[in-house]
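Shown here: coords.pdb, PDB, C-alpha atoms.
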```pdb
ATOM      1  CA  MET A   1      67.188  18.439  19.395
ATOM      2  CA  GLY A   2      65.624  21.745  20.406
ATOM      3  CA  LYS A   3      62.341  21.874  22.331
ATOM      4  CA  PHE A   4      60.524  23.369  19.379
ATOM      5  CA  SER A   5      61.762  20.638  17.016
ATOM      6  CA  LEU A   6      60.806  17.953  19.541
ATOM      7  CA  LEU A   7      57.305  19.371  19.972
ATOM      8  CA  LEU A   8      56.914  19.638  16.222
ATOM      9  CA  SER A   9      57.974  16.020  15.747
ATOM     10  CA  LEU A  10      55.565  14.823  18.426
ATOM     11  CA  SER A  11      52.747  16.833  16.839
ATOM     12  CA  VAL A  12      53.419  15.309  13.436
ATOM     13  CA  VAL A  13      53.476  11.778  14.905
ATOM     14  CA  GLY A  14      50.221  12.482  16.775
ATOM     15  CA  ALA A  15      48.516  13.846  13.678
ATOM     16  CA  VAL A  16      49.607  10.874  11.598
ATOM     17  CA  THR A  17      48.345   8.499  14.307
ATOM     18  CA  VAL A  18      44.943  10.232  14.420
ATOM     19  CA  LEU A  19      44.630  10.223  10.633
ATOM     20  CA  ALA A  20      45.588   6.543  10.516
ATOM     21  CA  PHE A  21      42.962   5.726  13.159
ATOM     22  CA  GLN A  22      40.304   7.726  11.327
ATOM     23  CA  GLY A  23      41.236   6.001   8.088
ATOM     24  CA  ASN A  24      40.996   2.571   9.681
ATOM     25  CA  GLN A  25      37.648   3.477  11.291
ATOM     26  CA  THR A  26      36.266   4.733   7.984
ATOM     27  CA  SER A  27      37.438   1.539   6.299
ATOM     28  CA  LEU A  28      35.764  -0.566   9.002
ATOM     29  CA  ASP A  29      32.508   1.417   8.699
ATOM     30  CA  THR A  30      32.578   1.013   4.918
ATOM     31  CA  ARG A  31      33.162  -2.743   5.157
ATOM     32  CA  GLU A  32      30.354  -3.058   7.704
ATOM     33  CA  ARG A  33      27.922  -1.175   5.450
ATOM     34  CA  GLN A  34      28.928  -3.351   2.501
ATOM     35  CA  SER A  35      28.439  -6.492   4.590
ATOM     36  CA  LEU A  36      24.974  -5.345   5.672
ATOM     37  CA  ARG A  37      24.029  -4.591   2.077
ATOM     38  CA  GLN A  38      25.251  -8.018   0.978
ATOM     39  CA  GLY A  39      23.373  -9.526   3.913
ATOM     40  CA  GLU A  40      20.187  -7.807   2.796
ATOM     41  CA  VAL A  41      20.595  -9.230  -0.724
ATOM     42  CA  ILE A  42      21.000 -12.748   0.700
ATOM     43  CA  ALA A  43      18.081 -12.226   3.108
ATOM     44  CA  ARG A  44      15.928 -11.189   0.150
ATOM     45  CA  GLN A  45      16.875 -14.400  -1.694
ATOM     46  CA  ILE A  46      16.006 -16.442   1.392
ATOM     47  CA  ALA A  47      12.634 -14.690   1.703
ATOM     48  CA  ARG A  48      11.960 -15.357  -1.980
ATOM     49  CA  THR A  49      12.597 -19.069  -1.384
ATOM     50  CA  GLY A  50      10.073 -19.099   1.461
ATOM     51  CA  TYR A  51       7.597 -17.100  -0.619
ATOM     52  CA  ASN A  52       7.798 -19.584  -3.498
ATOM     53  CA  SER A  53       7.581 -22.541  -1.100
ATOM     54  CA  VAL A  54       4.348 -21.420   0.543
ATOM     55  CA  LEU A  55       2.759 -20.573  -2.826
ATOM     56  CA  SER A  56       3.714 -24.044  -4.051
ATOM     57  CA  GLU A  57       1.899 -25.532  -1.056
ATOM     58  CA  ALA A  58      -1.073 -23.267  -1.718
ATOM     59  CA  HIS A  59      -1.325 -24.418  -5.333
ATOM     60  CA  LYS A  60      -1.344 -28.055  -4.178
ATOM     61  CA  THR A  61      -4.133 -27.324  -1.706
ATOM     62  CA  ASP A  62      -6.252 -24.835  -3.630
ATOM     63  CA  GLU A  63      -9.273 -26.284  -5.399
ATOM     64  CA  PRO A  64     -12.216 -24.565  -7.115
ATOM     65  CA  ASP A  65     -14.700 -25.593  -4.433
ATOM     66  CA  LYS A  66     -12.535 -24.570  -1.460
ATOM     67  CA  GLU A  67     -13.032 -21.312   0.370
ATOM     68  CA  VAL A  68     -10.075 -19.000   0.905
ATOM     69  CA  GLY A  69     -10.117 -19.569   4.666
ATOM     70  CA  GLU A  70      -9.802 -23.337   4.187
ATOM     71  CA  VAL A  71      -6.742 -22.966   1.963
ATOM     72  CA  VAL A  72      -5.052 -20.565   4.381
ATOM     73  CA  SER A  73      -5.749 -22.876   7.333
ATOM     74  CA  GLU A  74      -4.548 -26.041   5.604
ATOM     75  CA  VAL A  75      -1.254 -24.558   4.374
ATOM     76  CA  ASP A  76      -0.392 -23.111   7.805
ATOM     77  CA  THR A  77       3.257 -21.922   8.261
ATOM     78  CA  VAL A  78       6.113 -23.164   6.072
ATOM     79  CA  GLN A  79       9.588 -22.972   7.633
ATOM     80  CA  GLY A  80      13.016 -23.756   6.213
ATOM     81  CA  GLU A  81      16.694 -22.937   5.845
ATOM     82  CA  TYR A  82      18.500 -21.539   2.825
ATOM     83  CA  GLU A  83      21.935 -19.995   2.181
ATOM     84  CA  GLY A  84      22.771 -19.996   5.889
ATOM     85  CA  GLY A  85      19.596 -18.228   6.959
ATOM     86  CA  THR A  86      16.030 -19.166   7.872
ATOM     87  CA  TYR A  87      12.556 -18.287   6.651
ATOM     88  CA  LYS A  88       8.963 -18.496   7.786
ATOM     89  CA  ALA A  89       6.205 -18.132   5.238
ATOM     90  CA  TRP A  90       2.422 -18.249   5.410
ATOM     91  CA  LEU A  91      -0.744 -17.281   3.578
ATOM     92  CA  LYS A  92      -2.850 -14.323   4.575
ATOM     93  CA  LYS A  93      -6.521 -13.911   3.727
ATOM     94  CA  ILE A  94      -7.102 -10.466   2.233
ATOM     95  CA  SER A  95     -10.720 -10.785   1.157
ATOM     96  CA  SER A  96     -13.475 -13.357   0.909
ATOM     97  CA  SER A  97     -12.099 -14.382  -2.484
ATOM     98  CA  ALA A  98      -8.332 -13.930  -2.289
ATOM     99  CA  TYR A  99      -5.197 -14.603  -0.274
ATOM    100  CA  THR A 100      -1.591 -13.501  -0.519
ATOM    101  CA  ALA A 101       1.740 -14.996   0.547
ATOM    102  CA  VAL A 102       4.022 -13.512   3.210
ATOM    103  CA  SER A 103       7.622 -14.586   3.812
ATOM    104  CA  VAL A 104      10.030 -13.331   6.492
ATOM    105  CA  SER A 105      13.713 -14.283   6.448
ATOM    106  CA  ARG A 106      16.547 -13.836   8.940
ATOM    107  CA  PHE A 107      20.253 -13.816   8.120
ATOM    108  CA  SER A 108      23.192 -13.061  10.432
ATOM    109  CA  VAL A 109      25.999 -10.824   9.177
ATOM    110  CA  ALA A 110      28.574  -8.528  10.832
ATOM    111  CA  ASP A 111      27.296  -9.296  14.358
ATOM    112  CA  SER A 112      23.821  -8.187  13.249
ATOM    113  CA  THR A 113      20.677  -9.938  12.088
ATOM    114  CA  VAL A 114      19.172  -8.810   8.818
ATOM    115  CA  GLU A 115      15.442  -9.452   8.459
ATOM    116  CA  TYR A 116      13.631  -9.172   5.160
ATOM    117  CA  ARG A 117       9.876  -9.310   4.584
ATOM    118  CA  LEU A 118       8.412 -10.199   1.216
ATOM    119  CA  GLY A 119       4.789 -10.230   0.230
ATOM    120  CA  GLY A 120       1.744  -9.250   2.187
ATOM    121  CA  TYR A 121      -0.520  -6.418   1.247
ATOM    122  CA  ALA A 122       1.867  -5.057  -1.381
ATOM    123  CA  ASN A 123       1.393  -8.251  -3.393
ATOM    124  CA  ASN A 124      -2.360  -8.125  -3.041
ATOM    125  CA  LYS A 125      -4.161  -9.737  -5.984
ATOM    126  CA  MET A 126      -7.640  -8.847  -4.807
ATOM    127  CA  ASP A 127      -9.914  -7.993  -7.689
ATOM    128  CA  ALA A 128     -11.183  -4.459  -8.103
ATOM    129  CA  PRO A 129     -14.831  -3.970  -7.072
ATOM    130  CA  THR A 130     -16.986  -5.612  -9.713
ATOM    131  CA  VAL A 131     -20.673  -5.054 -10.452
ATOM    132  CA  GLU A 132     -22.356  -8.465 -10.507
ATOM    133  CA  VAL A 133     -25.808  -7.328 -11.684
ATOM    134  CA  PRO A 134     -26.921  -4.054 -13.322
ATOM    135  CA  SER A 135     -26.711  -1.463 -10.544
ATOM    136  CA  GLN A 136     -26.557   2.159  -9.592
ATOM    137  CA  LEU A 137     -24.003   3.594  -7.242
ATOM    138  CA  ASN A 138     -24.307   5.569  -4.012
ATOM    139  CA  VAL A 139     -21.278   7.097  -2.305
ATOM    140  CA  THR A 140     -21.323   8.489   1.268
ATOM    141  CA  PHE A 141     -18.418  10.234   2.967
ATOM    142  CA  GLU A 142     -17.431   8.605   6.242
ATOM    143  CA  GLN A 143     -14.701  11.110   7.073
ATOM    144  CA  SER A 144     -12.870  13.916   5.331
ATOM    145  CA  MET A 145      -9.966  15.108   7.449
ATOM    146  CA  ALA A 146      -7.599  16.690   4.948
ATOM    147  CA  GLY A 147      -6.861  20.384   4.521
ATOM    148  CA  TYR A 148      -6.666  19.963   0.757
ATOM    149  CA  CYS A 149      -9.736  20.053  -1.453
ATOM    150  CA  SER A 150     -10.277  16.833  -3.369
ATOM    151  CA  ALA A 151     -12.741  15.582  -5.948
ATOM    152  CA  ILE A 152     -13.837  11.966  -6.315
ATOM    153  CA  TYR A 153     -14.043  10.421  -9.779
ATOM    154  CA  LEU A 154     -15.299   7.042 -10.946
ATOM    155  CA  LYS A 155     -13.492   5.174 -13.700
ATOM    156  CA  ARG A 156     -15.682   2.419 -15.126
ATOM    157  CA  VAL A 157     -13.835  -0.456 -16.802
ATOM    158  CA  LYS A 158     -16.434  -2.080 -19.032
ATOM    159  CA  PRO A 159     -16.200  -5.748 -20.003
ATOM    160  CA  GLY A 160     -15.380  -6.645 -23.597
ATOM    161  CA  THR A 161     -14.424  -3.049 -24.420
ATOM    162  CA  LYS A 162     -11.139  -1.951 -25.978
ATOM    163  CA  PRO A 163      -8.995   0.451 -23.916
ATOM    164  CA  LYS A 164      -9.509   3.303 -26.382
ATOM    165  CA  ASP A 165     -13.289   2.881 -26.115
ATOM    166  CA  GLN A 166     -13.468   2.821 -22.308
ATOM    167  CA  PRO A 167     -15.375   5.733 -20.699
ATOM    168  CA  ASP A 168     -13.394   8.620 -19.243
ATOM    169  CA  PRO A 169     -13.355   9.193 -15.462
ATOM    170  CA  GLU A 170     -16.590  10.838 -14.264
ATOM    171  CA  MET A 171     -16.919  13.202 -11.330
ATOM    172  CA  ILE A 172     -18.989  11.970  -8.394
ATOM    173  CA  PHE A 173     -17.993  14.592  -5.782
ATOM    174  CA  ARG A 174     -16.911  18.116  -6.630
ATOM    175  CA  PRO A 175     -13.619  19.385  -5.134
ATOM    176  CA  GLY A 176     -14.084  20.065  -1.431
ATOM    177  CA  ASN A 177     -13.263  18.952   2.108
ATOM    178  CA  ASN A 178     -14.965  18.375   5.463
ATOM    179  CA  ARG A 179     -17.834  16.511   3.817
ATOM    180  CA  ASN A 180     -18.555  14.001   6.589
ATOM    181  CA  GLY A 181     -21.930  12.340   6.106
ATOM    182  CA  THR A 182     -22.637  13.858   2.684
ATOM    183  CA  SER A 183     -23.807  11.543  -0.094
ATOM    184  CA  ALA A 184     -23.825  11.512  -3.863
ATOM    185  CA  SER A 185     -25.313   9.149  -6.414
ATOM    186  CA  TYR A 186     -24.132   7.951  -9.781
ATOM    187  CA  ASP A 187     -27.466   7.586 -11.506
ATOM    188  CA  LYS A 188     -26.393   5.787 -14.655
ATOM    189  CA  THR A 189     -27.050   2.071 -14.588
ATOM    190  CA  ILE A 190     -23.730   0.221 -14.526
ATOM    191  CA  GLU A 191     -23.740  -2.990 -16.536
ATOM    192  CA  SER A 192     -22.781  -6.292 -14.964
ATOM    193  CA  GLY A 193     -19.107  -7.230 -15.220
ATOM    194  CA  THR A 194     -17.971  -3.600 -14.950
ATOM    195  CA  ARG A 195     -15.024  -2.987 -12.633
ATOM    196  CA  LEU A 196     -14.875   0.160 -10.541
ATOM    197  CA  ASN A 197     -11.768   2.263 -10.032
ATOM    198  CA  PHE A 198     -12.097   5.278  -7.726
ATOM    199  CA  ILE A 199      -9.849   8.300  -8.142
ATOM    200  CA  LEU A 200      -8.946  11.049  -5.681
ATOM    201  CA  ALA A 201      -8.119  14.277  -7.544
ATOM    202  CA  VAL A 202      -6.266  16.669  -5.229
ATOM    203  CA  ASP A 203      -6.674  20.442  -5.475
ATOM    204  CA  LYS A 204      -4.167  21.693  -2.890
ATOM    205  CA  ASN A 205      -5.171  25.362  -2.755
ATOM    206  CA  CYS A 206      -8.901  24.743  -3.298
ATOM    207  CA  SER A 207      -8.876  26.885  -6.432
ATOM    208  CA  HIS A 208     -11.662  24.744  -7.934
ATOM    209  CA  GLU A 209     -13.654  24.150  -4.757
ATOM    210  CA  GLY A 210     -17.267  23.334  -5.580
ATOM    211  CA  SER A 211     -16.708  23.447  -9.337
ATOM    212  CA  GLU A 212     -18.443  20.853 -11.494
ATOM    213  CA  SER A 213     -16.453  21.959 -14.540
ATOM    214  CA  ALA A 214     -12.944  21.253 -13.225
ATOM    215  CA  ASN A 215     -10.934  19.607 -15.996
ATOM    216  CA  PHE A 216      -9.606  16.125 -15.171
ATOM    217  CA  PRO A 217      -6.712  15.732 -14.621
ATOM    218  CA  ASP A 218      -5.209  19.070 -15.707
ATOM    219  CA  ASP A 219      -6.899  21.242 -13.048
ATOM    220  CA  TYR A 220      -5.560  19.117 -10.177
ATOM    221  CA  ASP A 221      -2.160  18.961  -8.494
ATOM    222  CA  HIS A 222      -2.131  15.161  -8.581
ATOM    223  CA  THR A 223      -4.453  12.185  -8.754
ATOM    224  CA  GLN A 224      -4.496   8.985  -6.679
ATOM    225  CA  PHE A 225      -6.062   5.834  -8.109
ATOM    226  CA  SER A 226      -7.430   3.081  -5.900
ATOM    227  CA  PHE A 227      -6.330   0.487  -8.470
ATOM    228  CA  LYS A 228      -3.540   0.302 -11.026
ATOM    229  CA  GLN A 229      -4.594  -0.608 -14.526
ATOM    230  CA  ASP A 230      -2.546  -2.239 -17.230
ATOM    231  CA  VAL A 231      -2.622  -0.016 -20.315
ATOM    232  CA  ASP A 232      -3.211  -2.911 -22.686
ATOM    233  CA  LYS A 233      -5.130  -5.244 -20.364
ATOM    234  CA  LEU A 234      -7.589  -3.166 -18.391
ATOM    235  CA  ASN A 235      -8.920  -6.268 -16.673
ATOM    236  CA  THR A 236      -5.545  -6.562 -14.919
ATOM    237  CA  MET A 237      -6.151  -4.283 -11.942
ATOM    238  CA  ARG A 238      -4.236  -4.342  -8.655
ATOM    239  CA  GLU A 239      -4.582  -2.132  -5.639
ATOM    240  CA  ALA A 240      -2.476   1.012  -5.886
ATOM    241  CA  PRO A 241      -0.313   2.274  -2.991
ATOM    242  CA  TYR A 242      -2.266   5.454  -2.144
ATOM    243  CA  GLY A 243      -5.665   3.849  -1.578
ATOM    244  CA  MET A 244      -7.173   1.072   0.532
ATOM    245  CA  VAL A 245     -10.325  -0.783  -0.494
ATOM    246  CA  GLU A 246     -12.143  -3.044   1.976
ATOM    247  CA  GLU A 247     -15.207  -5.184   1.400
ATOM    248  CA  THR A 248     -18.111  -4.367   3.671
ATOM    249  CA  THR A 249     -21.879  -4.613   3.971
ATOM    250  CA  ILE A 250     -23.863  -1.399   3.866
ATOM    251  CA  GLY A 251     -27.447  -1.971   4.957
ATOM    252  CA  SER A 252     -28.637  -4.946   2.931
ATOM    253  CA  SER A 253     -26.201  -4.301   0.073
ATOM    254  CA  ASP A 254     -22.658  -5.453  -0.477
ATOM    255  CA  GLY A 255     -20.210  -2.627  -0.861
ATOM    256  CA  TRP A 256     -16.780  -1.246  -0.134
ATOM    257  CA  ARG A 257     -15.047   1.312   2.006
ATOM    258  CA  VAL A 258     -12.489   3.319   0.047
ATOM    259  CA  SER A 259      -9.850   5.356   1.873
ATOM    260  CA  PHE A 260      -7.056   7.530   0.508
ATOM    261  CA  GLU A 261      -3.775   9.069   1.588
ATOM    262  CA  ASP A 262      -3.826  12.362  -0.311
ATOM    263  CA  GLN A 263      -0.203  13.511   0.159
ATOM    264  CA  ARG A 264       2.618  12.692  -2.241
ATOM    265  CA  VAL A 265       5.451  12.850   0.323
ATOM    266  CA  PHE A 266       5.814   9.147   1.198
ATOM    267  CA  SER A 267       7.593   6.321  -0.611
ATOM    268  CA  GLU A 268       5.660   3.315  -1.869
ATOM    269  CA  ALA A 269       7.455   1.157   0.709
ATOM    270  CA  GLN A 270       6.147   3.406   3.502
ATOM    271  CA  LEU A 271       2.606   3.334   2.116
ATOM    272  CA  TRP A 272       2.551  -0.451   1.756
ATOM    273  CA  ASP A 273       4.053  -0.907   5.226
ATOM    274  CA  ILE A 274       1.178   0.994   6.860
ATOM    275  CA  LYS A 275      -1.369  -0.860   4.744
ATOM    276  CA  GLU A 276       0.102  -4.193   5.786
ATOM    277  CA  ASN A 277       1.121  -3.578   9.403
ATOM    278  CA  GLY A 278      -0.995  -0.673  10.655
ATOM    279  CA  TYR A 279       0.057   2.404  12.600
ATOM    280  CA  PRO A 280       3.134   2.307  14.879
ATOM    281  CA  ARG A 281       2.367   1.586  18.526
ATOM    282  CA  TYR A 282       5.023   4.042  19.700
ATOM    283  CA  ASP A 283       6.529   7.304  18.471
ATOM    284  CA  GLY A 284       9.122   5.616  16.298
ATOM    285  CA  GLY A 285      10.242   6.815  12.893
ATOM    286  CA  TRP A 286      10.809   4.965   9.651
ATOM    287  CA  ASP A 287      13.373   2.166  10.011
ATOM    288  CA  ARG A 288      15.241   2.298   6.725
ATOM    289  CA  TRP A 289      16.862  -1.119   7.261
ATOM    290  CA  GLN A 290      13.733  -3.018   8.208
ATOM    291  CA  LYS A 291      11.570  -0.840   5.950
ATOM    292  CA  THR A 292       8.833  -0.410   8.523
ATOM    293  CA  TYR A 293       7.314   2.043  10.990
ATOM    294  CA  GLY A 294       7.020  -0.855  13.443
ATOM    295  CA  GLY A 295       3.278  -1.442  13.318
ATOM    296  CA  GLU A 296       2.041  -4.672  14.880
ATOM    297  CA  GLY A 297      -1.280  -5.020  13.086
ATOM    298  CA  TRP A 298      -4.379  -2.927  12.566
ATOM    299  CA  GLU A 299      -6.859  -2.141  15.303
ATOM    300  CA  SER A 300     -10.374  -2.976  14.160
ATOM    301  CA  ASN A 301     -13.368  -0.676  14.332
ATOM    302  CA  GLY A 302     -16.853  -1.830  15.232
ATOM    303  CA  GLU A 303     -17.533  -2.993  11.673
ATOM    304  CA  GLY A 304     -14.430  -5.159  11.330
ATOM    305  CA  LEU A 305     -12.621  -2.609   9.171
ATOM    306  CA  ARG A 306      -9.280  -0.934   9.821
ATOM    307  CA  ASP A 307      -9.580   1.720  12.523
ATOM    308  CA  LEU A 308      -8.334   4.839  10.739
ATOM    309  CA  GLU A 309      -6.768   7.751  12.626
ATOM    310  CA  ASP A 310      -5.311  11.128  11.711
ATOM    311  CA  TYR A 311      -1.497  11.277  11.674
ATOM    312  CA  GLY A 312       0.732  14.000  10.306
ATOM    313  CA  SER A 313       4.090  12.288   9.867
ATOM    314  CA  ILE A 314       3.100   8.901   8.430
ATOM    315  CA  PRO A 315       0.639   7.719   5.765
ATOM    316  CA  ASP A 316      -2.685   7.550   7.610
ATOM    317  CA  PHE A 317      -5.190   6.787   4.804
ATOM    318  CA  SER A 318      -7.795   8.836   6.661
ATOM    319  CA  ASP A 319      -7.711  11.956   4.481
ATOM    320  CA  GLN A 320     -10.739  11.050   2.385
ATOM    321  CA  VAL A 321     -12.829   8.004   3.304
ATOM    322  CA  PHE A 322     -16.127   7.027   1.737
ATOM    323  CA  ASP A 323     -18.527   4.097   1.559
ATOM    324  CA  VAL A 324     -19.721   2.699  -1.750
ATOM    325  CA  ALA A 325     -23.010   0.827  -2.068
ATOM    326  CA  LEU A 326     -24.656  -0.723  -5.116
ATOM    327  CA  THR A 327     -28.408  -0.290  -5.473
ATOM    328  CA  ASP A 328     -31.072  -1.805  -7.681
ATOM    329  CA  PRO A 329     -31.871   0.706 -10.462
ATOM    330  CA  ASN A 330     -35.529  -0.352 -10.309
ATOM    331  CA  SER A 331     -35.924   0.092  -6.552
ATOM    332  CA  ASN A 332     -37.078   3.715  -6.879
ATOM    333  CA  SER A 333     -39.341   3.222  -9.830
ATOM    334  CA  SER A 334     -43.059   3.589  -9.269
TER
END
```
Once you've parsed the file, please lay out its structure as structure tokens.
Amino acid sequence: MGKFSLLLSLSVVGAVTVLAFQGNQTSLDTRERQSLRQGEVIARQIARTGYNSVLSEAHKTDEPDKEVGEVVSEVDTVQGEYEGGTYKAWLKKISSSAYTAVSVSRFSVADSTVEYRLGGYANNKMDAPTVEVPSQLNVTFEQSMAGYCSAIYLKRVKPGTKPKDQPDPEMIFRPGNNRNGTSASYDKTIESGTRLNFILAVDKNCSHEGSESANFPDDYDHTQFSFKQDVDKLNTMREAPYGMVEETTIGSSDGWRVSFEDQRVFSEAQLWDIKENGYPRYDGGWDRWQKTYGGEGWESNGEGLRDLEDYGSIPDFSDQVFDVALTDPNSNSS
């Protein structure tokens, strides 16, 4: 065999060997990805088992005269095994009147451990702010860090009123930014039993800055609601992903702090992760497998609320933050 023919034969054998190796490697990578996906499905089932188990314990313990803290303390942590994996589940107090269940599972597959978290803030069943006695509303901006202009609207959900007869959203703050410390009042008396849903209406290029006649929602780029409302059952309201509402005390009045993430560039999973776990402690990115930025809990400010900061690459919920206080409509009468 000539030298050229020999070299050609060796080259062909080498190429075939490389292609075979690459094919085997691709096949291995594909099988590993499939195994991890299957592992995540099983881990989710395990977490669901833990979630249901701790809620079952909660229902046994919960009684009308018990405070939320007592129920959470009595249930403690529920642990178990299922489908070859393990789970830990517990209750978490989310307000003075509500708790939620959290379940974390672990399942080993393909020399890796898949962890799945179910519940927490994303399954929050906290009621929307509700007016207990006839009141007026005062709103004060705590911080306004965003470059966008945004208006604040109030959506009143009146008791015993059909959806078609509910009042339209009403502007409280005109589109603007950098409004730290500014206040506005909603002077109408709000009847008892009314639920309050706050809306951030984002005007990206500030084309309607300062305008009281901006048309809702058509004149805005997008709107963020603090609570989701069922179209047919307006009393079914659950916290929406773009806003955080925290109970607080303002002076001698009960109230709430409402904070918004104004950008529409994050997934709901990313928004809920920050709301549940807080900001990342280090400069880590989004972990697509664990579905987390790696936060280890919120730092608290001096008032016991989440300590909000300004981030650019993660949901920070510090873009527009305001305090809401209810006042007696007769307090200013002579």
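Proximity of A:Val202, A:Met171, A:Met145, A:Ala325 to A:Leu308, computed with only C-alpha atoms, is greatest for A:Met145.
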ask   = If I put a ball of radius 12 Å at (-3.4, 23.9, -13.7) in the file's coordinates, which residues poke into it when counting all atoms listed in the file, written as a PyMOL selection string?
value = chain A and resi 202-208+214-222
key: Test item: the PyMOL selection byres ((chain A and resi 48) around 12) resolved as a count of residues only   = 32
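You will find atom CA of A:Gly181 at 24.0 Å from atom CA of A:Val131.
Restricting the calculation to all atoms listed in the file, the smallest distance between A:Ala110 and any of A:Gly147, A:Pro315, A:Pro175, A:Gly39 is found for A:Gly39.
Distances to A:Gly312 were evaluated for A:Arg195, A:Glu57, A:Tyr293, A:Gln263 using all atoms listed in the file, and the minimum falls at A:Gln263.
In terms of minimum interatomic distance to A:Val321, A:Ala146 ranks closest within A:Ile172, A:Ile190, A:Ala146, A:Leu196, counting only C-alpha atoms.
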ask   = Can you tell me how far atom CA of A:Gly243 sits from atom CA of A:Lys66, in Å to one decimal?
value = 29.2 Å
Using all atoms listed in the file: which of A:Gly255, A:Gly278, A:Pro129, A:Pro169 has the shortest distance to A:Lys155 = A:Pro169
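Distance-wise, atom CA of A:Asn178 and atom CA of A:Asp307 end up 18.9 Å apart.
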key: Residues matched by the PyMOL selection byres ((chain A and resi 329) around 9), written as a ChimeraX atom specification   = /A:134-137,187-189,327-328,330-333
request  = Report as a PyMOL selection string the full result of the PyMOL selection byres ((chain A and resi 76) around 9) when it is applied to this structure.
outcome  = chain A and resi 54+71-75+77-78+89-91
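Of the listed residues A:Phe141, A:Ser35, A:Val157, A:Asp65, the one whose atoms come nearest to A:Ser108 is A:Ser35, with distances taken using all atoms listed in the file.
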